[in-house]
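Chemist: Data file start_34.txt (compact mmCIF, C-alpha atoms) is appended below.
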```txt
# COMPACT_ATOMS: atom_id res chain seq x y z
CA MET A 1 -16.90 6.77 5.65
CA THR A 2 -16.05 3.22 4.59
CA THR A 3 -12.29 2.67 4.30
CA LEU A 4 -9.58 4.23 6.43
CA VAL A 5 -6.03 4.27 5.09
CA ILE A 6 -3.28 5.09 7.58
CA GLY A 7 0.17 6.07 6.36
CA GLU A 8 2.54 8.52 4.79
CA ALA A 9 1.82 11.06 2.07
CA LEU A 10 4.80 12.80 0.54
CA ILE A 11 6.34 14.34 -2.54
CA ASP A 12 8.09 12.02 -4.99
CA ILE A 13 11.03 13.70 -6.68
CA VAL A 14 11.60 11.54 -9.74
CA ALA A 15 15.03 11.67 -11.37
CA THR A 16 15.33 10.20 -14.86
CA PRO A 17 18.55 10.04 -16.91
CA ASP A 18 18.90 13.06 -19.22
CA ALA A 19 15.66 14.71 -18.02
CA PRO A 20 14.72 17.36 -15.43
CA ASP A 21 13.54 16.20 -12.01
CA ARG A 22 9.80 15.63 -11.83
CA TYR A 23 7.78 16.40 -8.69
CA ALA A 24 4.62 14.45 -7.91
CA PRO A 25 2.47 13.56 -4.88
CA GLY A 26 3.22 10.08 -3.58
CA GLY A 27 3.63 7.73 -0.65
CA ALA A 28 2.34 4.18 -0.88
CA PRO A 29 -0.58 4.57 1.56
CA ALA A 30 -1.58 7.87 -0.06
CA ASN A 31 -1.51 6.11 -3.44
CA VAL A 32 -3.80 3.39 -2.07
CA ALA A 33 -6.26 5.98 -0.77
CA LEU A 34 -6.11 7.84 -4.09
CA GLY A 35 -6.69 4.65 -6.06
CA LEU A 36 -9.71 3.69 -3.98
CA GLY A 37 -11.15 7.17 -4.36
CA ARG A 38 -10.69 7.03 -8.12
CA LEU A 39 -12.61 3.74 -8.25
CA GLY A 40 -15.51 5.39 -6.45
CA ASP A 41 -14.97 3.97 -2.96
CA GLU A 42 -15.53 6.10 0.11
CA VAL A 43 -12.08 6.54 1.62
CA ALA A 44 -10.28 8.63 4.22
CA LEU A 45 -6.54 9.00 4.72
CA LEU A 46 -4.94 9.65 8.10
CA THR A 47 -1.55 11.14 7.35
CA ASP A 48 1.07 13.75 8.28
CA LEU A 49 1.60 16.75 5.98
CA GLY A 50 3.61 19.96 6.17
CA ASN A 51 2.10 23.43 5.94
CA ASP A 52 4.31 24.22 2.94
CA PHE A 53 3.69 24.35 -0.81
CA HIS A 54 4.35 20.61 -1.14
CA GLY A 55 1.77 19.84 1.55
CA GLY A 56 -0.85 21.89 -0.25
CA PHE A 57 0.04 20.16 -3.52
CA VAL A 58 -0.45 16.71 -1.98
CA LEU A 59 -3.68 17.75 -0.26
CA SER A 60 -5.27 19.12 -3.42
CA HIS A 61 -4.14 16.07 -5.42
CA LEU A 62 -5.79 13.67 -2.98
CA ARG A 63 -8.97 15.69 -2.67
CA ALA A 64 -9.29 15.80 -6.47
CA SER A 65 -9.42 11.99 -6.36
CA ASN A 66 -12.23 11.93 -3.79
CA VAL A 67 -10.08 11.27 -0.72
CA THR A 68 -11.04 12.79 2.63
CA VAL A 69 -7.69 13.78 4.18
CA HIS A 70 -7.13 13.97 7.93
CA ALA A 71 -3.89 15.80 8.75
CA ALA A 72 -2.74 18.67 10.94
CA PRO A 73 -0.28 20.45 8.62
CA GLN A 74 2.92 21.73 10.22
CA GLY A 75 6.58 21.94 9.28
CA ALA A 76 7.93 20.49 6.06
CA THR A 77 6.30 17.80 3.95
CA SER A 78 8.15 14.49 3.64
CA THR A 79 9.94 13.73 0.37
CA ALA A 80 11.14 10.64 -1.49
CA ARG A 81 13.68 11.00 -4.27
CA ALA A 82 13.15 8.19 -6.79
CA THR A 83 15.91 7.54 -9.33
CA LEU A 84 14.59 5.62 -12.33
CA SER A 85 16.79 3.20 -14.26
CA ALA A 86 16.46 2.42 -17.95
CA ASP A 87 14.08 -0.50 -17.25
CA GLY A 88 11.70 1.71 -15.26
CA SER A 89 12.63 0.39 -11.81
CA ALA A 90 13.24 2.90 -9.01
CA GLU A 91 15.63 3.44 -6.09
CA TYR A 92 14.60 5.80 -3.27
CA ASP A 93 16.12 8.32 -0.88
CA PHE A 94 13.70 9.50 1.83
CA HIS A 95 13.41 12.54 4.12
CA LEU A 96 10.50 11.71 6.41
CA ARG A 97 8.55 12.43 9.51
CA TRP A 98 5.54 10.49 10.77
CA ASN A 99 3.49 11.73 13.72
CA PRO A 100 -0.21 11.88 12.75
CA ASP A 101 -3.02 13.09 15.00
CA PRO A 102 -5.62 10.29 15.22
CA THR A 103 -8.32 12.41 16.89
CA PRO A 104 -10.49 12.90 13.75
CA VAL A 105 -10.74 9.17 12.98
CA LYS A 106 -10.64 7.30 16.27
CA ASP A 107 -14.35 7.53 17.06
CA GLU A 108 -15.56 6.64 13.56
CA ARG A 109 -16.62 3.14 12.48
CA TRP A 110 -14.67 1.72 9.54
CA GLU A 111 -15.64 -1.19 7.34
CA ALA A 112 -12.06 -1.56 6.13
CA ILE A 113 -8.67 -0.34 7.37
CA HIS A 114 -5.46 -0.38 5.36
CA ILE A 115 -2.06 0.16 6.97
CA GLY A 116 1.15 0.36 5.12
CA SER A 117 4.67 1.09 4.23
CA ILE A 118 7.15 3.20 6.15
CA ALA A 119 4.47 4.50 8.53
CA ALA A 120 4.04 1.01 9.97
CA PHE A 121 7.65 1.02 11.17
CA LEU A 122 8.51 4.67 11.84
CA SER A 123 8.12 6.18 15.32
CA PRO A 124 6.31 7.93 16.84
CA GLY A 125 3.42 7.37 14.43
CA ALA A 126 3.73 3.57 14.40
CA ALA A 127 2.23 3.59 17.90
CA THR A 128 -0.79 5.45 16.52
CA ILE A 129 -1.37 2.58 14.11
CA ASP A 130 -1.22 0.10 16.98
CA ASP A 131 -3.69 2.13 19.03
CA LEU A 132 -6.16 2.44 16.16
CA LEU A 133 -5.98 -1.29 15.46
CA ASP A 134 -6.57 -1.96 19.15
CA ASP A 135 -9.65 0.25 19.07
CA HIS A 136 -11.13 -0.86 15.74
CA ARG A 137 -9.93 -4.37 14.86
CA ALA A 138 -12.90 -6.22 16.36
CA SER A 139 -15.48 -4.05 14.57
CA THR A 140 -13.72 -3.79 11.19
CA ARG A 141 -14.62 -6.32 8.51
CA LEU A 142 -11.38 -6.11 6.50
CA VAL A 143 -7.88 -5.11 7.62
CA THR A 144 -5.06 -5.08 5.07
CA PHE A 145 -1.30 -4.47 5.22
CA ASP A 146 1.39 -3.78 2.62
CA PRO A 147 4.83 -3.35 4.28
CA ASN A 148 6.49 -1.95 1.13
CA ILE A 149 9.88 -2.61 2.75
CA ARG A 150 12.44 0.22 2.59
CA PRO A 151 15.56 -1.22 4.29
CA THR A 152 17.41 2.10 4.53
CA ILE A 153 14.62 3.58 6.66
CA ILE A 154 13.00 0.92 8.81
CA GLY A 155 16.05 -0.08 10.87
CA GLY A 156 17.91 -3.34 11.35
CA HIS A 157 16.61 -6.60 9.97
CA ALA A 158 15.78 -8.28 13.28
CA ALA A 159 13.72 -5.38 14.65
CA ALA A 160 11.98 -4.74 11.32
CA LEU A 161 11.12 -8.43 10.92
CA ALA A 162 9.67 -8.56 14.42
CA ARG A 163 7.55 -5.47 13.73
CA PHE A 164 6.40 -6.83 10.38
CA GLU A 165 5.37 -10.17 11.88
CA GLU A 166 3.57 -8.44 14.74
CA LEU A 167 1.41 -6.48 12.29
CA ALA A 168 0.96 -9.36 9.84
CA ALA A 169 -0.58 -11.40 12.66
CA ARG A 170 -3.29 -8.74 13.11
CA VAL A 171 -4.59 -8.42 9.54
CA ASP A 172 -6.85 -10.30 7.14
CA VAL A 173 -4.89 -9.59 3.96
CA LEU A 174 -1.13 -9.26 3.59
CA LYS A 175 0.23 -8.01 0.27
CA LEU A 176 3.95 -7.66 -0.43
CA SER A 177 6.43 -7.95 -3.28
CA ASP A 178 8.91 -10.76 -3.88
CA VAL A 179 11.64 -8.20 -3.12
CA ASP A 180 10.02 -7.53 0.26
CA ALA A 181 9.78 -11.26 0.97
CA ASP A 182 13.40 -11.87 -0.02
CA TRP A 183 14.55 -9.15 2.36
CA LEU A 184 12.40 -10.43 5.22
CA TYR A 185 13.15 -14.14 4.66
CA PRO A 186 16.35 -14.41 2.61
CA ASP A 187 16.91 -18.07 3.51
CA LEU A 188 13.51 -19.28 2.30
CA ALA A 189 12.46 -20.17 -1.23
CA GLU A 190 9.38 -18.50 -2.69
CA GLU A 191 6.79 -21.14 -1.78
CA ALA A 192 8.26 -21.47 1.71
CA GLN A 193 8.01 -17.69 2.10
CA VAL A 194 4.30 -17.85 1.30
CA ASP A 195 3.87 -20.69 3.81
CA ARG A 196 5.67 -18.68 6.48
CA LEU A 197 3.54 -15.61 5.79
CA LEU A 198 0.29 -17.56 5.99
CA GLY A 199 1.51 -19.06 9.24
CA LEU A 200 1.65 -15.60 10.78
CA GLY A 201 -2.13 -15.35 10.66
CA PRO A 202 -3.50 -13.47 7.62
CA ASP A 203 -6.31 -15.17 5.71
CA LEU A 204 -4.87 -14.14 2.34
CA VAL A 205 -1.29 -13.54 1.22
CA ALA A 206 -0.63 -11.87 -2.13
CA MET A 207 2.96 -11.72 -3.37
CA THR A 208 3.60 -9.62 -6.47
CA ARG A 209 6.52 -10.69 -8.66
CA GLY A 210 7.00 -7.82 -11.11
CA GLY A 211 6.75 -8.98 -14.69
CA GLU A 212 6.38 -12.58 -13.52
CA GLY A 213 2.90 -12.02 -12.13
CA ALA A 214 1.72 -12.76 -8.60
CA ILE A 215 0.93 -15.52 -6.13
CA LEU A 216 -2.30 -15.43 -4.12
CA ALA A 217 -2.76 -17.93 -1.33
CA THR A 218 -5.05 -18.88 1.52
CA ALA A 219 -4.63 -21.83 3.86
CA SER A 220 -6.54 -24.06 1.43
CA ALA A 221 -5.89 -22.63 -2.07
CA ARG A 222 -2.98 -21.14 -3.98
CA VAL A 223 -2.75 -19.70 -7.50
CA ARG A 224 -0.29 -17.96 -9.76
CA VAL A 225 -1.53 -15.24 -12.10
CA ALA A 226 0.30 -13.57 -14.97
CA SER A 227 1.16 -9.89 -15.12
CA ALA A 228 -0.56 -7.69 -17.67
CA ARG A 229 1.29 -7.40 -20.97
CA VAL A 230 1.98 -3.69 -21.35
CA ASP A 231 4.75 -1.35 -22.40
CA VAL A 232 6.27 -0.25 -19.09
CA ALA A 233 6.60 3.52 -18.64
CA ASP A 234 7.72 3.18 -15.01
CA THR A 235 6.84 0.95 -12.07
CA ILE A 236 6.02 3.61 -9.46
CA GLY A 237 2.60 2.85 -8.00
CA ALA A 238 2.22 -0.63 -9.52
CA GLY A 239 2.18 -2.47 -6.20
CA ASP A 240 -0.09 0.17 -4.69
CA THR A 241 -2.53 -0.35 -7.55
CA PHE A 242 -2.51 -4.11 -6.98
CA MET A 243 -3.37 -3.41 -3.33
CA VAL A 244 -6.16 -1.04 -4.35
CA SER A 245 -7.72 -3.72 -6.52
CA LEU A 246 -7.61 -6.29 -3.72
CA ILE A 247 -9.25 -3.94 -1.21
CA HIS A 248 -11.88 -2.77 -3.72
CA ASP A 249 -12.88 -6.30 -4.72
CA LEU A 250 -12.70 -7.88 -1.25
CA HIS A 251 -14.71 -5.06 0.23
CA ALA A 252 -17.53 -5.91 -2.17
CA ALA A 253 -17.24 -9.69 -1.71
CA THR A 254 -19.93 -11.57 0.16
CA SER A 255 -17.81 -14.55 1.23
CA ALA A 256 -15.10 -14.54 3.88
CA VAL A 257 -11.53 -14.05 2.69
CA SER A 258 -10.52 -17.39 4.20
CA ASP A 259 -13.15 -19.15 2.06
CA LEU A 260 -11.81 -17.99 -1.30
CA GLY A 261 -11.06 -20.90 -3.61
CA ILE A 262 -8.91 -21.26 -6.70
CA ALA A 263 -11.43 -19.68 -9.06
CA GLU A 264 -12.02 -16.69 -6.78
CA LEU A 265 -8.30 -16.16 -6.14
CA THR A 266 -7.55 -16.35 -9.86
CA SER A 267 -10.21 -13.77 -10.67
CA LEU A 268 -9.02 -11.53 -7.83
CA GLY A 269 -5.40 -11.73 -9.00
CA ASP A 270 -6.20 -11.25 -12.68
CA ARG A 271 -8.16 -8.07 -11.95
CA ALA A 272 -5.39 -6.73 -9.73
CA SER A 273 -2.76 -7.43 -12.37
CA ALA A 274 -4.84 -5.76 -15.06
CA LEU A 275 -5.35 -2.67 -12.91
CA ALA A 276 -1.62 -2.50 -12.10
CA GLY A 277 -0.90 -2.82 -15.80
CA ILE A 278 -2.75 0.42 -16.44
CA THR A 279 -0.53 2.22 -13.92
CA VAL A 280 2.80 0.90 -15.21
CA GLY A 281 1.83 2.00 -18.70
CA ARG A 282 1.74 5.61 -17.50
CA ILE A 283 4.40 8.01 -16.27
CA GLY A 284 4.32 8.38 -12.49
CA ALA A 285 1.88 6.91 -9.99
CA ASP A 286 -1.17 7.74 -12.13
CA LEU A 287 -3.58 5.14 -10.79
CA PRO A 288 -6.69 4.19 -12.79
CA TRP A 289 -10.09 5.81 -12.55
CA ALA A 290 -13.28 3.78 -12.74
CA ALA A 291 -13.75 4.98 -16.31
CA ASP A 292 -10.44 3.34 -17.31
CA LEU A 293 -11.91 -0.06 -16.52
CA THR A 294 -14.59 0.28 -19.17
CA ASN A 295 -12.42 1.69 -21.98
```
As structure tokens - that is how I would like this structure written.

Modeler:
Amino acid sequence: MTTLVIGEALIDIVATPDAPDRYAPGGAPANVALGLGRLGDEVALLTDLGNDFHGGFVLSHLRASNVTVHAAPQGATSTARATLSADGSAEYDFHLRWNPDPTPVKDERWEAIHIGSIAAFLSPGAATIDDLLDDHRASTRLVTFDPNIRPTIIGGHAAALARFEELAARVDVLKLSDVDADWLYPDLAEEAQVDRLLGLGPDLVAMTRGGEGAILATASARVRVASARVDVADTIGAGDTFMVSLIHDLHAATSAVSDLGIAELTSLGDRASALAGITVGRIGADLPWAADLTN
């Protein structure tokens, strides 16, 4: 198995004005695993699922997208209620648990590891992430992190910032949104935020900026790329798709992440924006398949 994704899988309950609630599998790390599987990458997801109908729904959804799922189902599956506004943006209310069993993955060798979202902050499972990084960091070619900040869940600002910076110092690629960055570093302007993030230790920082595109930066090069021009259906899964594209392309790259120049960063960002554009043009976190890239 090539890529290990560690993080939450859950049920999104999507509430839209004047429409019935819509239930769909979700969770940012699960979306990343699903997106990689749909692009044809070998991927496994270490997660925590319930042994209820929702857990079975999530499991079958992931397996249908070529994801090997490692979970020990018990109890109730986590949920996230997303309320969509008229512009397609979402606000969330979560009911979560996070306590995965790492036994099936700890003795494997992984070419890439992705960690992310609420699972990186939520005990007791956050310690599992630390242990797996301790065991595998030296032998893993690419480690990526998307904090996907949810302030109502991850605790007070000081503790969450310390945890974020601790993990950011251990990865090769850090991807986050401008909303994440503004919450983490409210007193810094955008370029200063990128400088601060690079200073933590990652070789590449990617900051998505919604309809304004994205910034990609290494210690020696920095670019801005435009977002794809599409009719927005909703934004759920857009950032996850951007992350999928980065992992997929960097995994195939022959040069080190730290050596990427302006041309390479621009190409990397343009492809990620185009892939995310496919997702935002669809209802729900319906990430692209490989066939979508040739149509």

Chemist: Please list as a PDB file with C-alpha atoms, in the frame of the given file every residue within 8 Å of Ala120 (chain A), counting only C-alpha atoms and excluding residues in the same chain fewer than 3 positions away.

Modeler:
```
ATOM      1  CA  GLY A   7       0.170   6.070   6.360  1.00  0.00           C
ATOM      2  CA  ILE A 115      -2.060   0.160   6.970  1.00  0.00           C
ATOM      3  CA  GLY A 116       1.150   0.360   5.120  1.00  0.00           C
ATOM      4  CA  SER A 117       4.670   1.090   4.230  1.00  0.00           C
ATOM      5  CA  GLY A 125       3.420   7.370  14.430  1.00  0.00           C
ATOM      6  CA  ALA A 126       3.730   3.570  14.400  1.00  0.00           C
ATOM      7  CA  ILE A 129      -1.370   2.580  14.110  1.00  0.00           C
ATOM      8  CA  PRO A 147       4.830  -3.350   4.280  1.00  0.00           C
TER       9      PRO A 147
END
```

Chemist: For a test of reading the model, state the distance in Å between CA of Ile262 (chain A) and CA of Met243 (chain A), rounded to one decimal.

Modeler: 19.0 Å

Chemist: With distances taken over all atoms listed in the file, which of A:Gly281, A:Gly210, A:Gly37, A:Gly201 is nearest to Glu166 (chain A)?

Modeler: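 Checking each of A:Gly281, A:Gly210, A:Gly37, A:Gly201 against Glu166 (chain A), counting all atoms listed in the file, the winner is A:Gly201.
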
Chemist: Would you list the contacts of region 91-98 of chain A as a VMD selection string, taking every protein, DNA or RNA residue within 10 Å and counting all atoms listed in the file, but skipping same-chain residues closer than 4 positions in sequence?

Modeler: chain A and resid 7 to 15 47 to 50 75 to 85 118 to 126 128 150 152 to 153

Chemist: Let me make sure I understand: among A:Ala214, A:Val194, A:Val105, A:Val143, which one has the smallest atom-to-atom distance to Val171 (chain A) if we use only C-alpha atoms?

Modeler: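 Of all the options, A:Val143 lies closest to Val171 (chain A).
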
Chemist: Within 12 Å of region 60-65 of chain A, counting all atoms listed in the file, which residues show up once you throw out same-chain ones fewer than 6 positions away? Write them as a PyMOL selection string, please.

Modeler: chain A and resi 9-11+24-27+29-47+49+53-54+285-290

Chemist: Just to confirm, what's the straight-line distance from CA of Arg209 (chain A) to CA of Asp178 (chain A) in Å (one decimal)?

Modeler: 5.3 Å

Chemist: In Å, rounded to a single decimal, give me how far CA of Asn51 (chain A) is from CA of His136 (chain A).

Modeler: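 Result for CA of His136 (chain A) versus CA of Asn51 (chain A): 29.3 Å, one decimal.
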
Chemist: Considering all atoms listed in the file, can you say which of A:Ala253, A:Leu161, A:Ala274, A:Ala219 comes closest to Thr241 (chain A)?

Modeler: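 Ranked by minimum distance to Thr241 (chain A), first place goes to A:Ala274.
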
Chemist: Pick from A:His114, A:Arg196, A:Arg163, A:Lys106: nearest to Arg141 (chain A), with only C-alpha atoms counted?

Modeler: A:His114

Chemist: May I ask which of the residues A:Leu200, A:Ala226, A:Asp172, A:Ile247 is the closest one to Glu212 (chain A), counting all atoms listed in the file?

Modeler: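 Of A:Leu200, A:Ala226, A:Asp172, A:Ile247, the one nearest Glu212 (chain A), counting all atoms listed in the file, is A:Ala226.
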
Chemist: Report as number ranges by chain all protein, DNA and RNA residues lying within 9 Å of Ile149 (chain A), evaluated on all atoms listed in the file, omitting residues in the same chain fewer than 5 positions from it.

Modeler: A: 117-118, 154, 176-177, 179-181, 183-184

Chemist: Determine, counting only C-alpha atoms, which protein, DNA and RNA residues have an atom within 12 Å of an atom of Ser139 (chain A); residues of the same chain fewer than 4 positions away are not included. Present the result as a list in words.

Modeler: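 Counting only C-alpha atoms, the residues come to Asp107, Glu108, Arg109, Trp110, Glu111, Ala112, Ile113, Leu132, Leu133, Asp134, Asp135 and Val143 of chain A.
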
Chemist: Using C-alpha atoms, give me region 150-218 of chain A from the structure I just pasted, as a tab-separated table (two decimals), in the first residue's frame.

Modeler:
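Result written to part.tsv:
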```tsv
chain	number	residue	atom	x	y	z
A	150	ARG	CA	-12.84	23.85	13.40
A	151	PRO	CA	-12.67	26.31	16.33
A	152	THR	CA	-15.76	24.98	18.11
A	153	ILE	CA	-14.17	21.53	18.45
A	154	ILE	CA	-10.41	21.81	18.82
A	155	GLY	CA	-10.31	23.80	22.06
A	156	GLY	CA	-8.87	27.17	23.01
A	157	HIS	CA	-6.69	29.15	20.64
A	158	ALA	CA	-3.42	28.85	22.55
A	159	ALA	CA	-3.56	25.06	22.92
A	160	ALA	CA	-4.78	24.53	19.35
A	161	LEU	CA	-2.05	26.79	17.95
A	162	ALA	CA	0.61	24.92	19.90
A	163	ARG	CA	-0.68	21.58	18.62
A	164	PHE	CA	-0.88	22.86	15.06
A	165	GLU	CA	2.68	24.19	15.14
A	166	GLU	CA	3.95	20.96	16.67
A	167	LEU	CA	2.53	18.94	13.77
A	168	ALA	CA	3.44	21.50	11.09
A	169	ALA	CA	7.08	21.16	12.14
A	170	ARG	CA	6.97	17.42	11.37
A	171	VAL	CA	5.61	17.46	7.81
A	172	ASP	CA	6.85	18.14	4.28
A	173	VAL	CA	3.69	19.80	2.97
A	174	LEU	CA	1.27	22.00	4.89
A	175	LYS	CA	-2.00	22.95	3.21
A	176	LEU	CA	-4.58	25.21	4.84
A	177	SER	CA	-7.18	27.81	3.94
A	178	ASP	CA	-6.93	31.57	4.44
A	179	VAL	CA	-9.71	31.17	7.02
A	180	ASP	CA	-7.55	28.67	8.91
A	181	ALA	CA	-4.56	31.00	8.75
A	182	ASP	CA	-6.60	33.99	9.94
A	183	TRP	CA	-7.81	32.02	12.95
A	184	LEU	CA	-4.33	30.75	13.79
A	185	TYR	CA	-2.53	34.07	13.20
A	186	PRO	CA	-5.11	36.87	13.35
A	187	ASP	CA	-2.49	39.59	13.82
A	188	LEU	CA	-0.49	38.73	10.69
A	189	ALA	CA	-1.15	39.79	7.12
A	190	GLU	CA	-1.37	37.11	4.43
A	191	GLU	CA	2.24	37.14	3.26
A	192	ALA	CA	3.48	37.24	6.85
A	193	GLN	CA	1.28	34.23	7.62
A	194	VAL	CA	2.96	32.29	4.83
A	195	ASP	CA	6.38	33.33	6.13
A	196	ARG	CA	5.45	32.18	9.63
A	197	LEU	CA	4.17	28.84	8.34
A	198	LEU	CA	7.32	28.18	6.32
A	199	GLY	CA	9.34	29.04	9.39
A	200	LEU	CA	7.74	26.15	11.25
A	201	GLY	CA	9.53	23.67	9.03
A	202	PRO	CA	7.44	22.37	6.09
A	203	ASP	CA	9.10	22.44	2.67
A	204	LEU	CA	5.90	23.60	0.97
A	205	VAL	CA	3.01	25.72	2.22
A	206	ALA	CA	-0.19	25.93	0.18
A	207	MET	CA	-2.85	28.43	1.27
A	208	THR	CA	-6.19	28.23	-0.51
A	209	ARG	CA	-8.16	31.48	-0.76
A	210	GLY	CA	-11.60	30.43	-2.00
A	211	GLY	CA	-12.54	32.21	-5.19
A	212	GLU	CA	-9.33	34.23	-5.04
A	213	GLY	CA	-7.13	31.25	-5.84
A	214	ALA	CA	-4.18	29.99	-3.80
A	215	ILE	CA	-0.64	30.75	-2.71
A	216	LEU	CA	2.07	28.08	-2.95
A	217	ALA	CA	5.42	28.76	-1.37
A	218	THR	CA	8.75	27.17	-0.55
```
